[in-house]
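Structure file upload.csv with CSV, N, CA and C atoms:
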chain,number,residue,atom,x,y,z
A,3,MET,N,88.0,53.4,28.7
A,3,MET,CA,88.7,52.8,27.5
A,3,MET,C,90.2,52.8,27.8
A,4,ASP,N,90.8,51.7,27.5
A,4,ASP,CA,92.2,51.5,27.8
A,4,ASP,C,93.1,52.3,26.8
A,5,ARG,N,94.2,52.7,27.2
A,5,ARG,CA,95.1,53.5,26.3
A,5,ARG,C,95.5,52.7,25.1
A,6,LEU,N,95.9,51.4,25.3
A,6,LEU,CA,96.3,50.6,24.1
A,6,LEU,C,95.1,50.3,23.2
A,7,THR,N,93.9,50.2,23.7
A,7,THR,CA,92.8,50.1,22.8
A,7,THR,C,92.6,51.3,21.9
A,8,LEU,N,92.7,52.5,22.6
A,8,LEU,CA,92.6,53.7,21.8
A,8,LEU,C,93.7,53.8,20.8
A,9,LEU,N,94.9,53.5,21.1
A,9,LEU,CA,96.0,53.5,20.2
A,9,LEU,C,95.8,52.5,19.0
A,10,GLY,N,95.2,51.3,19.3
A,10,GLY,CA,94.9,50.4,18.3
A,10,GLY,C,93.8,50.9,17.3
A,11,GLY,N,92.8,51.6,17.9
A,11,GLY,CA,91.8,52.2,17.0
A,11,GLY,C,92.4,53.3,16.1
A,12,THR,N,93.3,54.1,16.7
A,12,THR,CA,93.9,55.1,15.9
A,12,THR,C,94.8,54.5,14.8
A,13,LEU,N,95.5,53.4,15.1
A,13,LEU,CA,96.3,52.7,14.1
A,13,LEU,C,95.4,52.2,13.0
A,14,ILE,N,94.3,51.6,13.3
A,14,ILE,CA,93.4,51.1,12.3
A,14,ILE,C,92.9,52.2,11.4
A,15,ILE,N,92.4,53.3,12.0
A,15,ILE,CA,91.9,54.4,11.2
A,15,ILE,C,93.0,55.0,10.3
A,16,SER,N,94.2,55.2,10.9
A,16,SER,CA,95.2,55.9,10.1
A,16,SER,C,95.8,54.9,9.0
A,17,GLY,N,95.8,53.6,9.3
A,17,GLY,CA,96.2,52.7,8.3
A,17,GLY,C,95.2,52.5,7.1
A,18,THR,N,94.0,52.6,7.5
A,18,THR,CA,92.9,52.5,6.5
A,18,THR,C,93.0,53.8,5.6
A,19,ILE,N,93.1,54.9,6.2
A,19,ILE,CA,93.2,56.2,5.4
A,19,ILE,C,94.4,56.1,4.5
A,20,LEU,N,95.6,55.7,5.0
A,20,LEU,CA,96.8,55.6,4.2
A,20,LEU,C,96.7,54.6,3.1
A,21,PHE,N,96.0,53.5,3.4
A,21,PHE,CA,95.8,52.5,2.4
A,21,PHE,C,94.9,53.0,1.2
A,22,GLY,N,93.9,53.7,1.6
A,22,GLY,CA,93.0,54.3,0.6
A,22,GLY,C,93.7,55.4,-0.3
A,23,MET,N,94.5,56.2,0.4
A,23,MET,CA,95.2,57.2,-0.4
A,23,MET,C,96.2,56.6,-1.3
A,24,VAL,N,96.9,55.6,-0.9
A,24,VAL,CA,97.8,54.9,-1.8
A,24,VAL,C,97.1,54.3,-3.0
A,25,HIS,N,95.9,53.7,-2.8
A,25,HIS,CA,95.2,53.2,-3.9
A,25,HIS,C,94.6,54.3,-4.8
A,26,LEU,N,94.3,55.4,-4.2
A,26,LEU,CA,93.8,56.6,-5.0
A,26,LEU,C,94.9,57.1,-5.9
A,27,ALA,N,96.1,57.2,-5.3
A,27,ALA,CA,97.3,57.7,-6.1
A,27,ALA,C,97.6,56.7,-7.3
A,28,ILE,N,97.5,55.4,-7.0
A,28,ILE,CA,97.8,54.5,-8.0
A,28,ILE,C,96.7,54.5,-9.1
A,29,ALA,N,95.5,54.7,-8.7
A,29,ALA,CA,94.4,54.7,-9.7
A,29,ALA,C,94.5,56.0,-10.6
A,30,LEU,N,95.0,57.1,-10.0
A,30,LEU,CA,95.2,58.3,-10.8
A,30,LEU,C,96.4,58.2,-11.8
A,31,TYR,N,97.4,57.3,-11.4
A,31,TYR,CA,98.6,57.2,-12.2
A,31,TYR,C,98.5,56.2,-13.3
A,32,VAL,N,97.7,55.1,-13.1
A,32,VAL,CA,97.6,54.0,-14.1
A,32,VAL,C,97.2,54.4,-15.5
A,33,PRO,N,96.3,55.4,-15.7
A,33,PRO,CA,96.0,55.7,-17.1
A,33,PRO,C,97.1,56.3,-17.9
A,34,SER,N,98.1,56.9,-17.2
A,34,SER,CA,99.3,57.5,-17.9
A,34,SER,C,100.4,56.5,-18.2
A,35,VAL,N,100.3,55.3,-17.7
A,35,VAL,CA,101.3,54.2,-17.9
A,35,VAL,C,101.1,53.6,-19.3
A,36,GLN,N,102.2,53.5,-20.0
A,36,GLN,CA,102.1,52.8,-21.3
A,36,GLN,C,103.0,51.6,-21.4
A,37,GLY,N,102.6,50.6,-22.0
A,37,GLY,CA,103.4,49.4,-22.2
A,37,GLY,C,103.6,48.6,-21.0
A,38,TRP,N,102.5,48.2,-20.3
A,38,TRP,CA,102.6,47.4,-19.1
A,38,TRP,C,102.2,46.0,-19.3
A,39,GLU,N,102.6,45.1,-18.4
A,39,GLU,CA,102.2,43.8,-18.4
A,39,GLU,C,100.8,43.8,-17.7
A,40,THR,N,99.8,43.1,-18.3
A,40,THR,CA,98.5,43.2,-17.8
A,40,THR,C,98.4,42.5,-16.4
A,41,SER,N,99.2,41.6,-16.1
A,41,SER,CA,99.1,40.9,-14.8
A,41,SER,C,99.7,41.7,-13.7
A,42,GLU,N,100.5,42.7,-14.0
A,42,GLU,CA,101.3,43.4,-12.9
A,42,GLU,C,101.1,44.9,-13.0
A,43,ILE,N,99.9,45.3,-13.4
A,43,ILE,CA,99.6,46.8,-13.5
A,43,ILE,C,99.8,47.5,-12.1
A,44,PHE,N,99.1,46.9,-11.1
A,44,PHE,CA,99.2,47.5,-9.8
A,44,PHE,C,100.6,47.5,-9.2
A,45,GLN,N,101.3,46.4,-9.3
A,45,GLN,CA,102.7,46.4,-8.8
A,45,GLN,C,103.6,47.3,-9.5
A,46,GLN,N,103.5,47.4,-10.8
A,46,GLN,CA,104.3,48.3,-11.6
A,46,GLN,C,104.0,49.7,-11.3
A,47,ALA,N,102.8,50.1,-11.2
A,47,ALA,CA,102.4,51.5,-10.9
A,47,ALA,C,102.9,51.8,-9.5
A,48,ARG,N,102.8,50.9,-8.5
A,48,ARG,CA,103.2,51.1,-7.2
A,48,ARG,C,104.8,51.3,-7.1
A,49,ASN,N,105.5,50.6,-7.9
A,49,ASN,CA,106.9,50.7,-8.0
A,49,ASN,C,107.3,52.0,-8.7
A,50,ASN,N,106.6,52.4,-9.8
A,50,ASN,CA,107.0,53.6,-10.5
A,50,ASN,C,106.8,54.9,-9.7
A,51,ILE,N,105.8,55.0,-8.9
A,51,ILE,CA,105.6,56.2,-8.1
A,51,ILE,C,106.0,56.1,-6.7
A,52,LEU,N,106.9,55.0,-6.4
A,52,LEU,CA,107.5,54.9,-5.1
A,52,LEU,C,106.6,54.8,-3.9
A,53,LEU,N,105.6,54.0,-4.0
A,53,LEU,CA,104.6,53.9,-2.9
A,53,LEU,C,104.7,52.5,-2.2
A,54,ASN,N,105.8,51.8,-2.3
A,54,ASN,CA,105.9,50.5,-1.7
A,54,ASN,C,105.9,50.7,-0.1
A,55,VAL,N,106.7,51.6,0.4
A,55,VAL,CA,106.8,51.8,1.8
A,55,VAL,C,105.5,52.2,2.4
A,56,PRO,N,104.8,53.3,1.9
A,56,PRO,CA,103.5,53.6,2.5
A,56,PRO,C,102.4,52.5,2.4
A,57,TYR,N,102.5,51.7,1.3
A,57,TYR,CA,101.6,50.6,1.1
A,57,TYR,C,101.7,49.5,2.2
A,58,PHE,N,102.9,49.1,2.4
A,58,PHE,CA,103.2,48.0,3.4
A,58,PHE,C,103.1,48.6,4.8
A,59,LEU,N,103.4,49.9,5.0
A,59,LEU,CA,103.2,50.5,6.3
A,59,LEU,C,101.8,50.6,6.7
A,60,SER,N,100.9,50.9,5.7
A,60,SER,CA,99.5,50.9,6.0
A,60,SER,C,99.0,49.5,6.4
A,61,ILE,N,99.4,48.5,5.8
A,61,ILE,CA,99.0,47.1,6.2
A,61,ILE,C,99.5,46.8,7.6
A,62,ILE,N,100.8,47.2,7.9
A,62,ILE,CA,101.3,47.0,9.3
A,62,ILE,C,100.5,47.7,10.3
A,63,PHE,N,100.1,49.0,10.0
A,63,PHE,CA,99.3,49.8,10.9
A,63,PHE,C,97.9,49.1,11.2
A,64,ILE,N,97.3,48.6,10.1
A,64,ILE,CA,96.0,48.0,10.3
A,64,ILE,C,96.1,46.7,11.1
A,65,VAL,N,97.0,45.8,10.8
A,65,VAL,CA,97.2,44.6,11.5
A,65,VAL,C,97.6,44.9,13.0
A,66,GLY,N,98.5,45.8,13.2
A,66,GLY,CA,98.9,46.1,14.5
A,66,GLY,C,97.8,46.7,15.3
A,67,GLY,N,97.0,47.5,14.7
A,67,GLY,CA,95.8,48.1,15.4
A,67,GLY,C,94.8,47.0,15.8
A,68,PHE,N,94.6,46.1,14.9
A,68,PHE,CA,93.7,45.0,15.3
A,68,PHE,C,94.2,44.1,16.4
A,69,LEU,N,95.5,43.9,16.4
A,69,LEU,CA,96.1,43.1,17.5
A,69,LEU,C,96.0,43.9,18.8
A,70,LEU,N,96.2,45.2,18.8
A,70,LEU,CA,96.1,46.0,20.1
A,70,LEU,C,94.6,46.0,20.5
A,71,VAL,N,93.7,46.1,19.6
A,71,VAL,CA,92.3,46.2,20.0
A,71,VAL,C,91.8,44.8,20.6
A,72,LEU,N,92.3,43.7,20.0
A,72,LEU,CA,91.8,42.4,20.3
A,72,LEU,C,92.8,41.7,21.2
A,73,ARG,N,93.7,42.4,21.9
A,73,ARG,CA,94.7,41.7,22.7
A,73,ARG,C,94.2,40.9,23.9
A,74,LYS,N,93.1,41.4,24.5
A,74,LYS,CA,92.5,40.6,25.6
A,74,LYS,C,91.9,39.3,25.2
A,75,GLU,N,91.2,39.4,24.0
A,75,GLU,CA,90.6,38.2,23.5
A,75,GLU,C,91.6,37.2,23.0
A,76,LEU,N,92.7,37.8,22.5
A,76,LEU,CA,93.8,36.9,22.0
A,76,LEU,C,94.5,36.2,23.2
A,77,LYS,N,94.6,36.9,24.4
A,77,LYS,CA,95.2,36.2,25.5
A,77,LYS,C,94.3,35.1,26.0
A,78,VAL,N,93.0,35.3,26.0
A,78,VAL,CA,92.1,34.2,26.4
A,78,VAL,C,92.1,33.1,25.5
A,79,PHE,N,92.2,33.3,24.2
A,79,PHE,CA,92.3,32.3,23.2
A,79,PHE,C,93.6,31.5,23.3
A,80,ILE,N,94.7,32.2,23.5
A,80,ILE,CA,96.0,31.5,23.7
A,80,ILE,C,96.0,30.6,24.9
A,81,ASN,N,95.4,31.1,26.0
A,81,ASN,CA,95.3,30.3,27.2
A,81,ASN,C,94.5,29.1,27.0
A,82,PHE,N,93.4,29.2,26.3
A,82,PHE,CA,92.5,28.1,26.0
A,82,PHE,C,93.3,27.1,25.2
A,83,LEU,N,94.1,27.5,24.2
A,83,LEU,CA,94.8,26.6,23.3
A,83,LEU,C,95.9,25.8,24.1
A,84,THR,N,96.6,26.6,25.0
A,84,THR,CA,97.7,26.0,25.7
A,84,THR,C,97.2,25.2,27.0
A,85,GLY,N,96.0,25.3,27.3
A,85,GLY,CA,95.4,24.7,28.5
A,85,GLY,C,95.8,25.4,29.8
A,86,GLY,N,96.2,26.6,29.7
A,86,GLY,CA,96.5,27.4,30.9
A,86,GLY,C,95.3,27.9,31.6
A,87,LYS,N,95.5,28.5,32.8
A,87,LYS,CA,94.4,29.1,33.5
A,87,LYS,C,94.3,30.5,33.2
I'd like the structure from this file rewritten - as structure tokens, please.
Amino acid sequence: MDRLTLLGGTLIISGTILFGMVHLAIALYVPSVQGWETSEIFQQARNNILLNVPYFLSIIFIVGGFLLVLRKELKVFINFLTGGK
């Protein structure tokens, strides 16, 4: 197994765990919020408990991990699109 593939798998797992923990924290906080807009409950709760950075960082981890795991296939696909060898 390649080192970058292992790093990509680690990023996917850690990003998924962080994403789940952020959602768990928001789910535990939402019942105590009073007077919210119904269309923005998730965003308002995320802002109130200062979880914007971990939320977006988890998404970056997941996307970056997938890019590292699938980098060989992406190279082949890009070569196919550009007509390269």
Practice problem: Using only C-alpha atoms, determine which residues lie at most 12 Å from Thr12 (chain A), disregarding the query and same-chain residues fewer than 3 positions distant; provide the list as a ChimeraX atom specification. | Solution: /A:5-9,15-19,63-68,70-71
Exercise. Using DSSP on the backbone coordinates, identify the residues of chain A assigned to helix (DSSP H, G or I); present them as number ranges by chain.
Key: A: 5-34, 40-50, 54-71, 73-84
Exercise. For region 31-37 of chain A, list every protein, DNA or RNA residue within 9 Å, evaluated using only C-alpha atoms, and leave out those in the same chain fewer than 4 positions away; present the list as an NGL selection string.
Key: :A and (26-27 or 43-44 or 47 or 51)
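Going from CA of Tyr57 (chain A) to CA of Glu42 (chain A) covers 15.7 Å.
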Quiz prompt | Separation of CA of Phe21 (chain A) from CA of Ser60 (chain A), in Å and rounded to one decimal | solution = 5.4 Å
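Coordinates place CA of Met3 (chain A) at a distance of 24.8 Å from CA of Leu20 (chain A).
Among the candidate residues A:Gly10, A:Val24, A:Arg73, A:Asn81, the one lying nearest to Phe58 (chain A) is A:Val24, with distances computed using only C-alpha atoms.
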